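Here's coords.txt, which has compact mmCIF, C-alpha atoms:
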```txt
# COMPACT_ATOMS: atom_id res chain seq x y z
CA MET M 172 -129.90 -64.37 -15.88
CA LEU M 173 -126.72 -63.17 -17.47
CA GLU M 174 -126.38 -60.89 -14.45
CA THR M 175 -125.67 -63.94 -12.25
CA PHE M 176 -122.89 -65.12 -14.55
CA GLN M 177 -121.50 -61.61 -14.74
CA ALA M 178 -121.69 -61.24 -10.95
CA ALA M 179 -119.79 -64.50 -10.49
CA ALA M 180 -117.15 -63.39 -12.98
CA ASP M 181 -116.84 -60.01 -11.25
CA ALA M 182 -116.57 -61.67 -7.84
CA LYS M 183 -113.82 -63.90 -9.14
CA ARG M 184 -111.94 -60.98 -10.65
CA ARG M 185 -112.24 -58.90 -7.48
CA SER M 186 -111.07 -61.76 -5.31
CA GLY M 187 -108.12 -62.27 -7.64
CA LYS M 188 -107.07 -58.67 -7.21
CA TYR M 189 -107.84 -58.59 -3.50
CA TRP M 190 -104.37 -59.83 -2.61
CA GLU M 191 -102.93 -56.52 -3.79
CA ILE M 192 -105.67 -54.28 -2.42
CA ASP M 193 -103.51 -52.95 0.42
CA GLY M 194 -100.32 -52.29 -1.55
CA ILE M 195 -98.28 -54.47 0.80
CA PRO M 196 -97.21 -57.07 -1.78
CA GLN M 197 -96.18 -54.30 -4.15
CA ALA M 198 -94.11 -52.56 -1.48
CA SER M 199 -92.52 -55.89 -0.64
CA GLN M 200 -91.63 -56.47 -4.29
CA GLY M 201 -90.09 -53.01 -4.40
CA LEU M 202 -88.03 -53.71 -1.31
CA SER M 203 -86.80 -57.01 -2.70
CA LEU M 204 -85.74 -55.34 -5.96
CA ILE M 205 -83.90 -52.62 -4.06
CA LEU M 206 -82.21 -55.32 -1.99
CA VAL M 207 -81.07 -57.23 -5.03
CA GLY M 208 -79.92 -54.00 -6.65
CA GLN M 209 -77.82 -53.20 -3.60
CA LEU M 210 -76.55 -56.75 -3.56
CA ILE M 211 -75.25 -56.38 -7.09
CA ARG M 212 -73.77 -53.04 -6.21
CA PHE M 213 -71.87 -54.23 -3.16
CA THR M 214 -70.55 -57.32 -4.87
CA ASP M 215 -69.53 -55.35 -7.96
CA TRP M 216 -71.21 -57.79 -10.24
CA GLY M 217 -70.81 -55.41 -13.09
CA ASP M 218 -67.05 -55.69 -12.82
CA ALA M 219 -66.55 -59.37 -13.55
CA LYS M 220 -62.77 -59.20 -13.29
CA LEU M 221 -62.77 -57.73 -9.78
CA HIS M 222 -63.29 -61.01 -7.95
CA ALA M 223 -62.00 -63.36 -10.61
CA GLY M 224 -60.43 -66.45 -9.04
CA SER M 225 -61.59 -65.42 -5.59
CA LEU M 226 -64.29 -66.91 -3.40
CA LEU M 227 -65.85 -63.47 -3.37
CA GLY M 228 -66.76 -64.16 -6.97
CA LEU M 229 -69.39 -66.57 -5.64
CA ALA M 230 -70.95 -63.87 -3.49
CA PRO M 231 -73.47 -62.77 -6.14
CA LEU M 232 -74.57 -66.36 -6.64
CA VAL M 233 -75.08 -66.82 -2.90
CA GLY M 234 -76.83 -63.48 -2.70
CA ILE M 235 -79.18 -64.26 -5.56
CA SER M 236 -79.93 -67.67 -4.04
CA LEU M 237 -80.78 -66.03 -0.72
CA TRP M 238 -82.95 -63.54 -2.53
CA ILE M 239 -84.85 -66.30 -4.37
CA LEU M 240 -85.35 -67.99 -1.00
CA PHE M 241 -86.76 -64.73 0.28
CA ILE M 242 -89.19 -64.58 -2.62
CA LEU M 243 -90.34 -68.13 -1.99
CA ARG M 244 -90.89 -67.41 1.69
CA GLU M 245 -92.27 -63.94 1.10
CA GLN M 246 -95.78 -65.35 1.00
CA ARG M 247 -95.70 -66.35 4.66
CA PHE M 248 -94.30 -62.98 5.67
CA LEU M 249 -97.02 -61.18 3.72
CA GLU M 250 -99.68 -63.37 5.34
CA TRP M 251 -98.32 -62.44 8.75
CA VAL M 252 -98.56 -58.72 7.91
CA LYS M 253 -101.98 -59.03 6.28
CA ALA M 254 -103.37 -60.87 9.30
CA ARG M 255 -102.66 -57.72 11.29
CA VAL M 256 -103.47 -55.07 8.71
CA THR M 257 -105.84 -56.30 6.02
CA TYR M 258 -107.99 -59.12 7.37
CA PRO M 259 -109.32 -57.18 10.38
CA ARG M 260 -110.33 -54.33 8.06
CA THR M 261 -111.73 -55.83 4.90
CA GLY M 262 -111.66 -59.54 5.55
CA TYR M 263 -109.94 -62.48 3.99
CA VAL M 264 -110.56 -64.26 0.72
CA GLN M 265 -108.76 -67.03 -1.07
CA SER M 266 -109.10 -66.67 -4.79
CA PRO M 267 -108.37 -69.56 -7.14
CA THR M 268 -105.73 -67.30 -8.70
CA SER M 269 -104.12 -65.89 -5.55
CA PRO M 270 -101.40 -67.48 -3.40
CA LYS M 271 -102.60 -70.09 -0.95
CA ARG M 272 -102.90 -69.20 2.70
CA ASP M 273 -100.38 -70.65 5.11
CA ASP M 274 -99.16 -73.28 2.75
CA PRO M 275 -95.45 -73.84 3.37
CA GLU M 276 -95.24 -76.12 0.35
CA SER M 277 -96.88 -73.55 -1.86
CA PRO M 278 -93.76 -72.73 -3.89
CA LEU M 279 -93.85 -76.30 -5.13
CA ASN M 280 -97.52 -76.10 -5.90
CA PRO M 281 -98.26 -75.54 -9.60
CA GLU M 282 -101.00 -73.11 -8.60
CA TRP M 283 -98.51 -70.94 -6.77
CA THR M 284 -97.99 -68.74 -9.77
CA PRO M 285 -97.13 -65.33 -8.27
CA ALA M 286 -93.72 -66.45 -6.95
CA LYS M 287 -92.91 -68.16 -10.21
CA ARG M 288 -94.08 -65.14 -12.13
CA LYS M 289 -91.95 -62.82 -10.02
CA ILE M 290 -88.88 -64.99 -10.45
CA ALA M 291 -89.47 -65.30 -14.18
CA MET M 292 -90.04 -61.57 -14.52
CA THR M 293 -86.89 -60.73 -12.63
CA PHE M 294 -84.77 -63.20 -14.54
CA VAL M 295 -86.06 -61.85 -17.83
CA ALA M 296 -85.21 -58.35 -16.65
CA PHE M 297 -81.78 -59.52 -15.50
CA ALA M 298 -81.12 -61.35 -18.72
CA PHE M 299 -81.86 -58.31 -20.81
CA ALA M 300 -79.87 -56.11 -18.49
CA LEU M 301 -76.83 -58.36 -18.70
CA ILE M 302 -77.11 -58.95 -22.42
CA SER M 303 -77.30 -55.22 -22.95
CA LEU M 304 -74.42 -54.63 -20.57
CA PHE M 305 -71.94 -57.14 -21.91
CA TYR M 306 -72.79 -57.63 -25.55
CA LEU M 307 -74.44 -54.50 -26.78
CA ALA M 308 -72.23 -51.88 -25.20
CA ALA M 309 -70.21 -51.64 -28.39
CA ALA M 310 -73.27 -50.82 -30.46
CA HIS M 311 -75.03 -47.51 -30.41
CA PRO M 312 -75.74 -47.29 -26.69
CA ALA M 313 -78.77 -45.05 -26.41
CA LEU M 314 -81.10 -46.65 -28.94
CA THR M 315 -79.98 -50.17 -28.13
CA TYR M 316 -80.54 -49.74 -24.42
CA LEU M 317 -83.89 -48.10 -24.88
CA PHE M 318 -85.04 -50.80 -27.26
CA PHE M 319 -83.88 -53.76 -25.21
CA ALA M 320 -84.88 -52.28 -21.87
CA SER M 321 -88.36 -51.71 -23.24
CA ILE M 322 -88.60 -55.21 -24.69
CA GLY M 323 -87.22 -56.65 -21.48
CA LEU M 324 -89.89 -54.84 -19.55
CA LEU M 325 -92.80 -56.09 -21.65
CA PRO M 326 -92.97 -59.54 -20.01
CA CYS M 327 -92.90 -57.81 -16.63
CA ILE M 328 -95.85 -55.61 -17.53
CA PHE M 329 -97.92 -58.28 -19.24
CA GLY M 330 -96.85 -61.03 -16.85
CA GLY M 331 -97.89 -58.88 -13.95
CA SER M 332 -101.38 -58.26 -15.22
CA ARG M 333 -103.59 -61.30 -14.78
CA GLU M 334 -106.45 -60.01 -16.79
CA LEU M 335 -107.34 -57.21 -19.10
CA HIS M 336 -109.64 -55.72 -16.46
CA ARG M 337 -107.12 -53.25 -15.16
CA SER M 338 -107.64 -50.09 -13.18
CA ARG M 339 -106.17 -46.71 -13.99
CA ARG M 340 -103.85 -47.11 -11.01
CA GLU M 341 -102.45 -50.35 -12.41
CA TRP M 342 -101.64 -48.71 -15.70
CA ILE M 343 -100.02 -45.79 -13.88
CA VAL M 344 -97.91 -48.18 -11.80
CA ASP M 345 -96.84 -50.14 -14.88
CA GLY M 346 -96.12 -46.98 -16.84
CA GLY M 347 -94.08 -45.74 -13.89
CA LEU M 348 -92.21 -49.04 -13.89
CA ALA M 349 -91.23 -48.58 -17.52
CA ILE M 350 -90.15 -44.99 -16.94
CA ALA M 351 -88.27 -45.95 -13.76
CA TRP M 352 -86.45 -48.74 -15.55
CA ILE M 353 -85.42 -46.65 -18.52
CA THR M 354 -84.50 -43.64 -16.36
CA GLY M 355 -82.42 -45.80 -14.06
CA TRP M 356 -80.76 -47.42 -17.01
CA PHE M 357 -79.73 -44.13 -18.59
CA LEU M 358 -78.67 -42.47 -15.37
CA GLY M 359 -76.36 -45.32 -14.44
CA GLN M 360 -72.81 -45.60 -15.60
CA GLN M 361 -71.68 -48.43 -17.86
CA GLY M 362 -71.17 -50.98 -15.07
CA SER M 363 -73.97 -49.90 -12.80
CA ARG M 364 -76.93 -49.67 -15.17
CA PRO M 365 -78.71 -52.79 -13.84
CA VAL M 366 -78.23 -51.53 -10.29
CA TYR M 367 -79.72 -48.16 -11.06
CA ALA M 368 -82.56 -49.69 -13.05
CA LEU M 369 -83.43 -52.18 -10.31
CA ASN M 370 -83.23 -49.52 -7.64
CA PHE M 371 -85.45 -47.12 -9.58
CA VAL M 372 -88.03 -49.80 -10.31
CA GLY M 373 -87.87 -51.05 -6.72
CA PHE M 374 -88.22 -47.55 -5.34
CA TRP M 375 -91.19 -46.85 -7.60
CA LEU M 376 -92.92 -50.06 -6.51
CA LEU M 377 -92.17 -49.27 -2.88
CA VAL M 378 -93.64 -45.77 -3.20
CA ALA M 379 -96.69 -46.97 -5.15
CA GLY M 380 -97.27 -49.71 -2.58
CA ALA M 381 -96.87 -47.31 0.34
CA ILE M 382 -99.32 -44.82 -1.19
CA GLN M 383 -101.80 -47.61 -1.80
CA LEU M 384 -101.38 -48.82 1.79
CA ILE M 385 -101.98 -45.34 3.23
CA ARG M 386 -105.09 -44.89 1.10
CA TYR M 387 -106.29 -48.33 2.11
CA LEU M 388 -105.79 -47.63 5.83
CA PHE M 389 -107.63 -44.32 5.61
CA THR M 390 -110.57 -45.68 3.65
CA ASN M 391 -110.89 -48.91 5.64
CA PRO M 392 -110.83 -48.39 9.39
CA ILE M 393 -111.14 -51.47 11.58
CA PRO M 394 -114.85 -52.16 12.17
CA ARG M 395 -115.84 -51.57 15.78
CA ALA M 396 -118.44 -54.28 16.14
CA LYS M 397 -117.14 -57.80 16.54
CA GLN M 398 -118.82 -60.58 14.70
CA MET C 149 -147.51 -76.66 -17.59
CA THR C 150 -144.56 -76.36 -19.95
CA PRO C 151 -141.24 -77.95 -18.97
CA GLU C 152 -139.72 -74.46 -18.78
CA LEU C 153 -142.31 -73.35 -16.26
CA GLN C 154 -141.86 -76.63 -14.44
CA ALA C 155 -138.16 -75.81 -14.17
CA LEU C 156 -139.09 -72.54 -12.47
CA ALA C 157 -141.26 -74.38 -10.00
CA ASN C 158 -138.41 -76.74 -9.20
CA LEU C 159 -135.86 -74.03 -8.51
CA ASP C 160 -133.81 -74.52 -5.36
CA ARG C 161 -135.50 -72.20 -2.86
CA VAL C 162 -132.51 -72.19 -0.56
CA ILE C 163 -130.41 -70.55 -3.27
CA HIS C 164 -133.20 -68.56 -4.90
CA GLU C 165 -133.52 -66.08 -2.03
CA PRO C 166 -131.63 -62.92 -3.16
CA ALA C 167 -129.26 -62.60 -0.20
CA ARG C 168 -128.34 -66.28 -0.30
CA LEU C 169 -127.93 -66.08 -4.07
CA MET C 170 -125.41 -63.28 -3.54
CA ILE C 171 -123.54 -65.30 -0.94
CA MET C 172 -123.52 -68.40 -3.14
CA THR C 173 -122.35 -66.36 -6.14
CA VAL C 174 -119.42 -64.90 -4.22
CA LEU C 175 -118.45 -68.22 -2.66
CA TYR C 176 -118.78 -69.96 -6.03
CA ALA C 177 -116.21 -67.57 -7.47
CA VAL C 178 -113.64 -67.97 -4.70
CA THR C 179 -111.99 -70.86 -2.94
CA GLU C 180 -112.93 -69.55 0.49
CA ALA C 181 -113.79 -66.24 2.12
CA ASP C 182 -114.20 -64.99 5.64
CA PHE C 183 -117.28 -63.46 7.21
CA LEU C 184 -116.12 -59.86 6.90
CA TYR C 185 -115.24 -60.21 3.23
CA LEU C 186 -118.66 -61.73 2.49
CA GLN C 187 -120.36 -59.00 4.48
CA ARG C 188 -118.63 -56.30 2.48
CA GLU C 189 -119.15 -57.98 -0.87
CA CYS C 190 -122.84 -58.67 -0.32
CA GLY C 191 -123.65 -55.51 1.63
CA LEU C 192 -125.45 -57.45 4.36
CA THR C 193 -125.60 -56.79 8.08
CA GLN C 194 -123.88 -59.19 10.45
CA GLY C 195 -127.13 -60.67 11.69
CA ASN C 196 -128.52 -61.04 8.21
CA LEU C 197 -125.41 -62.71 6.89
CA SER C 198 -125.23 -65.00 9.92
CA SER C 199 -128.78 -66.22 9.50
CA HIS C 200 -128.40 -66.81 5.77
CA LEU C 201 -125.11 -68.61 6.25
CA ALA C 202 -126.76 -70.77 8.89
CA LYS C 203 -129.46 -71.75 6.40
CA LEU C 204 -126.89 -72.53 3.73
CA GLU C 205 -124.88 -74.55 6.24
CA GLU C 206 -128.03 -76.38 7.27
CA ALA C 207 -128.62 -77.29 3.62
CA ASN C 208 -125.02 -78.55 3.54
CA TYR C 209 -124.17 -76.05 0.81
CA VAL C 210 -121.63 -74.13 2.85
CA VAL C 211 -119.06 -75.21 5.36
CA ILE C 212 -117.99 -72.76 8.06
CA ASN C 213 -114.67 -73.06 9.89
CA LYS C 214 -113.64 -70.83 12.75
CA THR C 215 -109.92 -70.32 12.99
CA PHE C 216 -107.37 -67.75 14.08
CA LYS C 217 -104.84 -65.83 12.09
CA GLY C 218 -102.56 -64.35 14.69
CA LYS C 219 -104.96 -62.72 17.12
CA TYR C 220 -107.56 -62.10 14.46
CA PRO C 221 -110.43 -64.61 14.39
CA LEU C 222 -111.39 -65.80 10.94
CA THR C 223 -114.77 -67.30 10.18
CA ILE C 224 -113.98 -68.95 6.91
CA CYS C 225 -116.80 -70.01 4.62
CA SER C 226 -116.57 -72.13 1.52
CA LEU C 227 -118.93 -74.01 -0.74
CA THR C 228 -119.21 -77.73 -0.31
CA LYS C 229 -119.23 -80.01 -3.31
CA ILE C 230 -122.99 -80.35 -2.90
CA GLY C 231 -123.32 -76.56 -2.73
CA ARG C 232 -121.28 -76.10 -5.87
CA GLN C 233 -123.37 -78.66 -7.72
CA ALA C 234 -126.57 -77.06 -6.45
CA PHE C 235 -125.43 -73.66 -7.69
CA ASP C 236 -124.48 -75.13 -11.08
CA ASP C 237 -127.88 -76.77 -11.25
CA TYR C 238 -129.66 -73.56 -10.27
CA VAL C 239 -127.80 -71.54 -12.90
CA ARG C 240 -128.47 -74.20 -15.53
CA LYS C 241 -132.20 -74.13 -14.82
CA MET C 242 -132.31 -70.36 -14.91
CA ARG C 243 -130.40 -70.39 -18.17
CA VAL C 244 -132.98 -72.74 -19.69
CA VAL C 245 -135.80 -70.47 -18.54
CA SER C 246 -133.95 -67.42 -19.79
CA SER C 247 -133.27 -68.96 -23.21
CA HIS C 248 -136.95 -69.81 -23.63
CA SER C 249 -138.17 -66.42 -22.56
CA GLY C 250 -137.52 -65.04 -26.04
CA SER C 251 -134.92 -62.51 -25.02
CA ASN C 252 -132.08 -65.06 -24.52
CA GLY C 253 -131.09 -62.99 -21.57
CA HIS C 254 -130.07 -60.02 -23.71
CA ARG C 255 -131.50 -56.58 -23.29
```

Structure translated into structure tokens:
Amino acid sequence: MLETFQAAADAKRRSGKYWEIDGIPQASQGLSLILVGQLIRFTDWGDAKLHAGSLLGLAPLVGISLWILFILREQRFLEWVKARVTYPRTGYVQSPTSPKRDDPESPLNPEWTPAKRKIAMTFVAFAFALISLFYLAAAHPALTYLFFASIGLLPCIFGGSRELHRSRREWIVDGGLAIAWITGWFLGQQGSRPVYALNFVGFWLLVAGAIQLIRYLFTNPIPRAKQ
Amino acid sequence: MTPELQALANLDRVIHEPARLMIMTVLYAVTEADFLYLQRECGLTQGNLSSHLAKLEEANYVVINKTFKGKYPLTICSLTKIGRQAFDDYVRKMRVVSSHSGSNGHR
């Protein structure tokens, strides 16, 4: 009878991962990271003195607020896309651990963890990026950056994985994230390291999501027969 | 007749059928799922799944809502409270039988 319990546990795990089966949420995350990276770049956040005393100095704050708003509303956008791409192909499921369908109040719902997790992950990444940028630049740059960038990335990796049941692809994506972050960090100049890191990570997520989406579309054609 | 065997005789026949047990197991694990998802998970044909869902709905174990998501029709199924309790009860009975079978469910 253990098979029944195991089957229920497997079904729950699969439904929990089903939200990301098509790669669309991942690509969307990548796009949002690229957007925020560009936002920082265009507002010269790294150069704090540039807009000192000017209203332009508030631009990053406004930009970040808009970006957070995007994250909170991203769920509805993703549902709109999935209703046209995913549900006709492989169906719809609402897992206890996945975002709720069509729930405009979902960001306020304690069960709406993905948005919170994303925000938390990004702020952790930002915090480490900024700490490294402003306070640790005087120390030995290479080792310090590598160390703190890696530590800063750990919550992202572990926060992103809901369970220990992880596929090879998930580990590849997370490993790629770490490499993208560190590569971006080292390729960037002193003031633009966070921008490079965010862009590299965002680009990697976008590519990984796009590949997953293409594979999904090829392996799951729309069924001909209507129910 | 021992109580353990009596438990077997009293198993819920609506759930005990293999296809319906699969459907109940999947629906127990999720909040709700649509027809296509259930079909893929359980490996059943449309007609088969429809008839089993109808029986589960008749027993008031499953509630079926037809809705639209954009232009795509969704036939959303979820367990009712009664259905969830029935599944819990079924699993509990099977666990009792399994624990008294000597193997404790282990191979």

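The shortest atom-to-atom distance to C:Asn213, with all atoms listed in the file taken into account, belongs to C:Glu180 out of C:Arg161, C:Phe235, C:Glu180, C:Ala167.
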
Self-check item: Surrounding residues of C:Leu153 excluding itself and chain neighbours under 2 positions, 12 Å, only C-alpha atoms, as a VMD selection string
Solution: chain C and resid 149 to 151 155 to 159 241 to 242 244 to 246 248 to 249

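Neighbouring residues of stretch 202-206 of chain M at 10 Å or closer, counting all atoms listed in the file and skipping chain neighbours under 6 positions away, are Pro196, Arg212, Gly234, Trp238, Ile239, Phe241, Ile242, Glu245, Thr293, Val366, Tyr367, Ala368, Leu369, Asn370, Phe371, Val372, Gly373, Phe374, Trp375, Leu376, Leu377 and Val378 of chain M.
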
Any idea which chain C residues end up within 9 Å of chain M if we count all atoms listed in the file, as a CSV table (one decimal) with C-alpha atoms, keeping the file's coordinate frame please?
```csv
chain,number,residue,atom,x,y,z
C,169,LEU,CA,-127.9,-66.1,-4.1
C,170,MET,CA,-125.4,-63.3,-3.5
C,173,THR,CA,-122.4,-66.4,-6.1
C,174,VAL,CA,-119.4,-64.9,-4.2
C,175,LEU,CA,-118.4,-68.2,-2.7
C,176,TYR,CA,-118.8,-70.0,-6.0
C,177,ALA,CA,-116.2,-67.6,-7.5
C,178,VAL,CA,-113.6,-68.0,-4.7
C,179,THR,CA,-112.0,-70.9,-2.9
C,180,GLU,CA,-112.9,-69.6,0.5
C,181,ALA,CA,-113.8,-66.2,2.1
C,182,ASP,CA,-114.2,-65.0,5.6
C,183,PHE,CA,-117.3,-63.5,7.2
C,184,LEU,CA,-116.1,-59.9,6.9
C,185,TYR,CA,-115.2,-60.2,3.2
C,186,LEU,CA,-118.7,-61.7,2.5
C,187,GLN,CA,-120.4,-59.0,4.5
C,188,ARG,CA,-118.6,-56.3,2.5
C,189,GLU,CA,-119.2,-58.0,-0.9
C,194,GLN,CA,-123.9,-59.2,10.4
C,195,GLY,CA,-127.1,-60.7,11.7
C,217,LYS,CA,-104.8,-65.8,12.1
C,218,GLY,CA,-102.6,-64.4,14.7
C,219,LYS,CA,-105.0,-62.7,17.1
C,220,TYR,CA,-107.6,-62.1,14.5
C,221,PRO,CA,-110.4,-64.6,14.4
C,222,LEU,CA,-111.4,-65.8,10.9
C,224,ILE,CA,-114.0,-69.0,6.9
C,239,VAL,CA,-127.8,-71.5,-12.9
C,242,MET,CA,-132.3,-70.4,-14.9
C,243,ARG,CA,-130.4,-70.4,-18.2
C,245,VAL,CA,-135.8,-70.5,-18.5
C,246,SER,CA,-134.0,-67.4,-19.8
C,252,ASN,CA,-132.1,-65.1,-24.5
C,253,GLY,CA,-131.1,-63.0,-21.6
C,254,HIS,CA,-130.1,-60.0,-23.7
```

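Minimum atom-to-atom distance to C:His200, evaluated using only C-alpha atoms, belongs to C:Ile163 out of C:Asp236, C:Thr228, C:Ile163, C:Thr223.
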
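If you look at atom CA of M:Phe389 and atom CA of C:Thr215, they are 27.1 Å away from each other.
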
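One finds atom CA of M:Ile343 at 18.5 Å from atom CA of M:Trp190.
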
Self-check item: Pairwise distance for atom CA of M:Leu388 and atom CA of M:Gly347, rounded to one decimal in Å
Solution: 23.0 Å

Kindly complete stretch 214-242 of chain C to N, CA and C atoms; the output should be written as a PDB file, keeping the file's coordinate frame.
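Everything below was put into selection_5.pdb:
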```pdb
ATOM      1  N   LYS C 214    -114.155 -71.947  11.954  1.00  0.00           N
ATOM      2  CA  LYS C 214    -113.640 -70.830  12.750  1.00  0.00           C
ATOM      3  C   LYS C 214    -112.188 -71.113  13.076  1.00  0.00           C
ATOM      4  N   THR C 215    -111.347 -70.139  12.752  1.00  0.00           N
ATOM      5  CA  THR C 215    -109.920 -70.320  12.990  1.00  0.00           C
ATOM      6  C   THR C 215    -109.323 -68.981  13.413  1.00  0.00           C
ATOM      7  N   PHE C 216    -108.055 -68.980  13.702  1.00  0.00           N
ATOM      8  CA  PHE C 216    -107.370 -67.750  14.080  1.00  0.00           C
ATOM      9  C   PHE C 216    -106.203 -67.494  13.155  1.00  0.00           C
ATOM     10  N   LYS C 217    -106.016 -66.240  12.862  1.00  0.00           N
ATOM     11  CA  LYS C 217    -104.840 -65.830  12.090  1.00  0.00           C
ATOM     12  C   LYS C 217    -104.157 -64.788  12.961  1.00  0.00           C
ATOM     13  N   GLY C 218    -103.107 -65.227  13.654  1.00  0.00           N
ATOM     14  CA  GLY C 218    -102.560 -64.350  14.690  1.00  0.00           C
ATOM     15  C   GLY C 218    -103.597 -64.192  15.779  1.00  0.00           C
ATOM     16  N   LYS C 219    -103.923 -62.953  16.113  1.00  0.00           N
ATOM     17  CA  LYS C 219    -104.960 -62.720  17.120  1.00  0.00           C
ATOM     18  C   LYS C 219    -106.320 -62.485  16.477  1.00  0.00           C
ATOM     19  N   TYR C 220    -106.331 -62.440  15.157  1.00  0.00           N
ATOM     20  CA  TYR C 220    -107.560 -62.100  14.460  1.00  0.00           C
ATOM     21  C   TYR C 220    -108.372 -63.367  14.159  1.00  0.00           C
ATOM     22  N   PRO C 221    -109.608 -63.426  14.655  1.00  0.00           N
ATOM     23  CA  PRO C 221    -110.430 -64.610  14.390  1.00  0.00           C
ATOM     24  C   PRO C 221    -110.983 -64.589  12.972  1.00  0.00           C
ATOM     25  N   LEU C 222    -110.859 -65.690  12.302  1.00  0.00           N
ATOM     26  CA  LEU C 222    -111.390 -65.800  10.940  1.00  0.00           C
ATOM     27  C   LEU C 222    -112.540 -66.799  10.927  1.00  0.00           C
ATOM     28  N   THR C 223    -113.662 -66.367  10.397  1.00  0.00           N
ATOM     29  CA  THR C 223    -114.770 -67.300  10.180  1.00  0.00           C
ATOM     30  C   THR C 223    -114.796 -67.581   8.689  1.00  0.00           C
ATOM     31  N   ILE C 224    -114.181 -68.678   8.330  1.00  0.00           N
ATOM     32  CA  ILE C 224    -113.980 -68.950   6.910  1.00  0.00           C
ATOM     33  C   ILE C 224    -115.119 -69.801   6.350  1.00  0.00           C
ATOM     34  N   CYS C 225    -115.684 -69.309   5.254  1.00  0.00           N
ATOM     35  CA  CYS C 225    -116.800 -70.010   4.620  1.00  0.00           C
ATOM     36  C   CYS C 225    -116.372 -70.480   3.233  1.00  0.00           C
ATOM     37  N   SER C 226    -116.820 -71.648   2.888  1.00  0.00           N
ATOM     38  CA  SER C 226    -116.570 -72.130   1.520  1.00  0.00           C
ATOM     39  C   SER C 226    -117.714 -73.020   1.085  1.00  0.00           C
ATOM     40  N   LEU C 227    -117.858 -73.153  -0.218  1.00  0.00           N
ATOM     41  CA  LEU C 227    -118.930 -74.010  -0.740  1.00  0.00           C
ATOM     42  C   LEU C 227    -118.523 -75.474  -0.621  1.00  0.00           C
ATOM     43  N   THR C 228    -119.476 -76.294  -0.286  1.00  0.00           N
ATOM     44  CA  THR C 228    -119.210 -77.730  -0.310  1.00  0.00           C
ATOM     45  C   THR C 228    -119.396 -78.211  -1.751  1.00  0.00           C
ATOM     46  N   LYS C 229    -119.047 -79.455  -1.972  1.00  0.00           N
ATOM     47  CA  LYS C 229    -119.230 -80.010  -3.310  1.00  0.00           C
ATOM     48  C   LYS C 229    -120.719 -80.013  -3.674  1.00  0.00           C
ATOM     49  N   ILE C 230    -121.525 -80.337  -2.675  1.00  0.00           N
ATOM     50  CA  ILE C 230    -122.990 -80.350  -2.900  1.00  0.00           C
ATOM     51  C   ILE C 230    -123.471 -78.928  -3.234  1.00  0.00           C
ATOM     52  N   GLY C 231    -122.944 -77.954  -2.498  1.00  0.00           N
ATOM     53  CA  GLY C 231    -123.320 -76.560  -2.730  1.00  0.00           C
ATOM     54  C   GLY C 231    -122.932 -76.090  -4.119  1.00  0.00           C
ATOM     55  N   ARG C 232    -121.758 -76.491  -4.543  1.00  0.00           N
ATOM     56  CA  ARG C 232    -121.280 -76.100  -5.870  1.00  0.00           C
ATOM     57  C   ARG C 232    -122.167 -76.716  -6.962  1.00  0.00           C
ATOM     58  N   GLN C 233    -122.504 -77.974  -6.746  1.00  0.00           N
ATOM     59  CA  GLN C 233    -123.370 -78.660  -7.720  1.00  0.00           C
ATOM     60  C   GLN C 233    -124.770 -78.026  -7.731  1.00  0.00           C
ATOM     61  N   ALA C 234    -125.234 -77.674  -6.538  1.00  0.00           N
ATOM     62  CA  ALA C 234    -126.570 -77.060  -6.450  1.00  0.00           C
ATOM     63  C   ALA C 234    -126.596 -75.717  -7.173  1.00  0.00           C
ATOM     64  N   PHE C 235    -125.501 -74.956  -7.017  1.00  0.00           N
ATOM     65  CA  PHE C 235    -125.430 -73.660  -7.690  1.00  0.00           C
ATOM     66  C   PHE C 235    -125.360 -73.849  -9.211  1.00  0.00           C
ATOM     67  N   ASP C 236    -124.561 -74.812  -9.641  1.00  0.00           N
ATOM     68  CA  ASP C 236    -124.480 -75.130 -11.080  1.00  0.00           C
ATOM     69  C   ASP C 236    -125.862 -75.494 -11.616  1.00  0.00           C
ATOM     70  N   ASP C 237    -126.551 -76.310 -10.843  1.00  0.00           N
ATOM     71  CA  ASP C 237    -127.880 -76.770 -11.250  1.00  0.00           C
ATOM     72  C   ASP C 237    -128.860 -75.599 -11.323  1.00  0.00           C
ATOM     73  N   TYR C 238    -128.779 -74.731 -10.320  1.00  0.00           N
ATOM     74  CA  TYR C 238    -129.660 -73.560 -10.270  1.00  0.00           C
ATOM     75  C   TYR C 238    -129.413 -72.662 -11.497  1.00  0.00           C
ATOM     76  N   VAL C 239    -128.147 -72.411 -11.762  1.00  0.00           N
ATOM     77  CA  VAL C 239    -127.800 -71.540 -12.900  1.00  0.00           C
ATOM     78  C   VAL C 239    -128.246 -72.183 -14.215  1.00  0.00           C
ATOM     79  N   ARG C 240    -128.078 -73.503 -14.296  1.00  0.00           N
ATOM     80  CA  ARG C 240    -128.470 -74.200 -15.530  1.00  0.00           C
ATOM     81  C   ARG C 240    -129.981 -74.071 -15.758  1.00  0.00           C
ATOM     82  N   LYS C 241    -130.740 -74.251 -14.698  1.00  0.00           N
ATOM     83  CA  LYS C 241    -132.200 -74.130 -14.820  1.00  0.00           C
ATOM     84  C   LYS C 241    -132.603 -72.710 -15.218  1.00  0.00           C
ATOM     85  N   MET C 242    -131.983 -71.751 -14.589  1.00  0.00           N
ATOM     86  CA  MET C 242    -132.310 -70.360 -14.910  1.00  0.00           C
ATOM     87  C   MET C 242    -131.921 -70.018 -16.345  1.00  0.00           C
TER      88      MET C 242
END
```
